[in-house]
Structure formats: structure tokens, C-alpha cells
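Content type mmCIF, C-alpha atoms, from the file entry_26.cif:
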data_coords
#
loop_
_atom_site.label_atom_id
_atom_site.label_comp_id
_atom_site.auth_asym_id
_atom_site.auth_seq_id
_atom_site.Cartn_x
_atom_site.Cartn_y
_atom_site.Cartn_z
CA MET L 1 -130.18 173.82 36.54
CA LEU L 2 -129.30 170.50 38.11
CA HIS L 3 -126.38 170.68 40.55
CA HIS L 4 -125.65 166.98 41.25
CA ILE L 5 -127.14 163.51 41.59
CA GLU L 6 -126.06 161.19 44.38
CA LEU L 7 -126.66 157.45 44.10
CA TRP L 8 -126.17 155.24 47.14
CA VAL L 9 -124.75 151.92 46.02
CA PRO L 10 -124.26 148.58 47.80
CA ASP L 11 -120.77 147.99 46.36
CA LEU L 12 -118.48 150.91 45.54
CA GLY L 13 -116.13 148.78 43.44
CA ARG L 14 -118.92 147.55 41.14
CA ALA L 15 -120.41 151.03 40.94
CA THR L 16 -117.09 152.61 40.07
CA ARG L 17 -116.56 150.01 37.34
CA SER L 18 -119.97 150.42 35.69
CA TRP L 19 -120.70 154.10 36.30
CA GLY L 20 -117.09 155.18 35.76
CA TRP L 21 -116.99 153.55 32.33
CA LEU L 22 -120.39 154.86 31.23
CA LEU L 23 -119.93 158.40 32.49
CA GLY L 24 -116.45 158.54 30.95
CA GLU L 25 -117.91 157.46 27.60
CA LEU L 26 -120.51 160.23 27.91
CA GLY L 27 -117.84 162.89 28.47
CA TYR L 28 -117.86 163.15 32.26
CA GLN L 29 -114.48 163.63 33.96
CA SER L 30 -113.39 162.17 37.27
CA PHE L 31 -114.16 164.87 39.85
CA GLN L 32 -113.88 163.64 43.45
CA GLU L 33 -112.71 160.51 45.23
CA TRP L 34 -112.96 159.53 48.91
CA SER L 35 -113.06 156.27 50.87
CA ASP L 36 -116.80 155.69 50.39
CA GLY L 37 -117.44 157.41 47.06
CA ARG L 38 -116.52 158.76 43.66
CA SER L 39 -117.94 161.47 41.41
CA TRP L 40 -117.75 162.54 37.77
CA ALA L 41 -118.58 166.00 36.41
CA LEU L 42 -119.68 167.53 33.12
CA ASP L 43 -120.70 171.15 32.48
CA GLY L 44 -120.99 172.00 36.16
CA VAL L 45 -123.17 168.99 37.06
CA TYR L 46 -121.73 166.02 38.86
CA ILE L 47 -122.88 162.47 39.55
CA VAL L 48 -121.87 160.73 42.77
CA VAL L 49 -121.82 157.05 43.69
CA GLU L 50 -121.42 156.44 47.39
CA GLN L 51 -121.44 153.34 49.57
CA SER L 52 -122.87 155.09 52.60
CA PRO L 53 -122.83 153.43 56.02
CA ALA L 54 -126.25 155.05 56.58
CA MET L 55 -128.03 152.91 53.92
CA THR L 56 -131.12 151.17 55.31
CA ALA L 57 -131.50 148.52 52.58
CA PRO L 58 -128.94 146.27 50.89
CA SER L 59 -129.98 146.96 47.29
CA HIS L 60 -131.63 149.39 44.88
CA ASP L 61 -135.06 148.57 43.43
CA ARG L 62 -135.96 150.84 40.53
CA CYS L 63 -139.59 149.69 40.70
CA ARG L 64 -140.10 151.07 44.21
CA PRO L 65 -140.88 154.73 44.91
CA GLY L 66 -137.80 156.82 44.19
CA LEU L 67 -135.40 156.89 41.30
CA ASN L 68 -136.42 154.71 38.36
CA HIS L 69 -133.67 155.65 35.91
CA LEU L 70 -131.38 158.35 34.54
CA ALA L 71 -131.64 159.28 30.86
CA PHE L 72 -128.67 160.65 28.92
CA ARG L 73 -128.56 162.25 25.48
CA VAL L 74 -126.21 160.49 23.08
CA ILE L 75 -125.33 161.95 19.70
CA GLY L 76 -126.65 159.57 17.08
CA SER L 77 -128.03 156.07 16.90
CA GLU L 78 -124.60 154.68 15.98
CA ARG L 79 -123.21 155.90 19.30
CA VAL L 80 -126.13 154.34 21.18
CA ASP L 81 -125.40 151.06 19.40
CA ALA L 82 -121.68 151.24 20.23
CA LEU L 83 -122.35 151.89 23.91
CA VAL L 84 -124.91 149.09 24.10
CA ALA L 85 -122.45 146.69 22.45
CA ALA L 86 -119.62 147.58 24.88
CA ALA L 87 -121.79 147.78 28.01
CA PRO L 88 -121.70 144.09 29.06
CA GLU L 89 -117.91 144.27 29.49
CA HIS L 90 -118.51 146.96 32.12
CA GLY L 91 -121.31 145.43 34.19
CA TRP L 92 -124.34 146.61 32.20
CA THR L 93 -127.06 144.46 30.60
CA LEU L 94 -129.41 145.47 27.80
CA MET L 95 -133.03 145.64 28.93
CA PHE L 96 -136.17 145.17 26.82
CA THR L 97 -134.22 143.23 24.20
CA ASP L 98 -137.40 142.28 22.34
CA ARG L 99 -138.16 145.99 21.69
CA HIS L 100 -134.64 147.41 21.38
CA PRO L 101 -133.92 150.10 20.14
CA HIS L 102 -137.52 151.35 20.23
CA ALA L 103 -138.54 150.26 23.74
CA GLY L 104 -139.53 153.87 24.43
CA GLY L 105 -141.74 154.01 21.30
CA THR L 106 -141.23 154.00 17.56
CA GLU L 107 -140.26 157.68 17.49
CA GLN L 108 -137.36 157.21 19.90
CA TYR L 109 -134.05 155.39 19.40
CA ALA L 110 -132.60 154.41 22.75
CA GLY L 111 -130.73 151.76 24.67
CA TYR L 112 -131.93 150.83 28.14
CA LEU L 113 -129.22 149.37 30.35
CA GLU L 114 -129.24 147.97 33.87
CA ASN L 115 -126.11 147.47 35.96
CA GLU L 116 -125.37 144.67 38.40
CA ASP L 117 -126.85 146.71 41.26
CA GLY L 118 -130.19 147.31 39.53
CA PHE L 119 -129.67 150.91 38.40
CA GLU L 120 -131.14 151.72 34.99
CA VAL L 121 -129.94 154.21 32.43
CA GLU L 122 -131.55 155.21 29.16
CA LEU L 123 -129.24 156.29 26.34
CA VAL L 124 -131.34 158.39 23.98
CA ALA L 125 -130.15 159.20 20.47
CA ASP L 126 -130.34 162.97 20.14
CA ARG L 127 -132.31 164.25 17.15
CA ASP L 128 -131.68 167.32 15.03
CA GLN L 129 -134.25 170.03 14.24
CA SER L 130 -135.76 167.99 11.39
CA GLY L 131 -136.46 165.07 13.72
CA ALA L 132 -133.82 162.83 12.15
CA SER L 133 -131.50 160.97 14.48
CA ARG L 134 -128.18 162.83 14.62
CA THR L 135 -125.20 160.75 13.64
CA THR L 136 -122.36 163.15 14.37
#

If you convert what's in this file into C-alpha cells, what do you get?
Amino acid sequence: MLHHIELWVPDLGRATRSWGWLLGELGYQSFQEWSDGRSWALDGVYIVVEQSPAMTAPSHDRCRPGLNHLAFRVIGSERVDALVAAAPEHGWTLMFTDRHPHAGGTEQYAGYLENEDGFEVELVADRDQSGASRTT
């Protein structure tokens, strides 16, 4: 089981604004706070954003080797749509607008978002046993 994910960010304030909103919407609770970082936890797994003084580059590039994106399950396509609609107010931009909400293929309903620091998340509508997108 995953224990935690730590993301090094160039601006803690921006990261706290974008990640804090999104993780809160996904059910994560504020977990830790210190001068250079914040974390949010859910079901024993926590996600950290930290503005580390040890960073060797000024920005994240998801197209370089390393982390490309994080994908989160969201219950139902309506919830994906609501999060995508609210995201710009919190520093996120919809990606692949010409293929949304099926940028991952016709069998998947998802929103792909990128924040101001170049981090990508995929919000995937969870499906029930029959394969239908869950709406509750």
C-alpha cells in the first residue's frame, strides 16, 4: 500500500492554494504544516507539497523523466464535471480540451488538469461493476 507522495514545488503558496483545494474536494484532510510544506491525508496515505531548499531546478516538467501525473478516482461523471468547472478558480487549467472528457479514450470519463506549476492530475470517473459510470 502506498504510504505517501511528496511533491517538491517552486512556490508553496501556489501549491497550497491549488493542491489544498483539490485534495480537500477529494476528501483529504489537512495533516501536517511546517515552514516549507503542507500535507493532506486520506485512509492512511498522505500527499505532501514542499518548497525544499534542496531543489536543483526552478520548475516541474511533467514531460521529463519522473512524475507525469497523479490520477484520482472520483465518484461519477457529474463530480468530475463539477471539479473541472471549479478548478480554474483554484489555479488549475483543463488540458486536452478538444478531447475532454474522453482524452484517455472513449471508455474512460476523466478530467485532466494542470496547475500553475505544471503538475498534472487526472480525475477519473469511477465505474460500477456493470461498467456504467457511477453517479453517486

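Put simply, the PyMOL selection byres ((chain L and resi 46) around 8) in this file takes in His3, His4, Ile5, Phe31, Ser39, Trp40, Ala41, Leu42, Gly44, Val45, Ile47 and Val48 of chain L.
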
- Task: Can you give me, as a ChimeraX atom specification, the residues this file yields under the PyMOL selection byres ((chain L and resi 14) around 12)?
- Result: /L:9-13,15-21,37-38,49-51,90-92,115-119

- Point-to-point distance in Å for atom CA of Pro65 of chain L and atom CA of Leu2 of chain L: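 Atom CA of Pro65 of chain L lies at a distance of 20.7 Å from atom CA of Leu2 of chain L.
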
- Message: So the first atom is atom CA of Phe96 of chain L and the second is atom CA of Pro58 of chain L; what is the distance between them in Å, to one decimal place?
- Response: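 We find that atom CA of Phe96 of chain L and atom CA of Pro58 of chain L lie 25.2 Å from each other.
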
- Expected selection from the PyMOL selection byres ((chain L and resi 84) around 12), given as a ChimeraX atom specification: /L:22,25,74,77-83,85-95,97,100-101,110-114,121-125

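The space between atom CA of Ser52 of chain L and atom CA of Asp36 of chain L spans 6.5 Å.
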
Please determine an axis-aligned box that encloses all atoms of segment 62-69 of chain L listed in the file, with 8 Å added on each side, and express its centre and edge lengths in Å to one decimal as lines of an AutoDock Vina configuration file.
center_x = -137.3
center_y = 153.3
center_z = 40.4
size_x = 23.2
size_y = 23.2
size_z = 25.0

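Shortest separation to Gly66 of chain L among L:Glu107, L:Glu33, L:Pro53, L:Leu7 occurs at residue L:Leu7, atoms counted being all atoms listed in the file.
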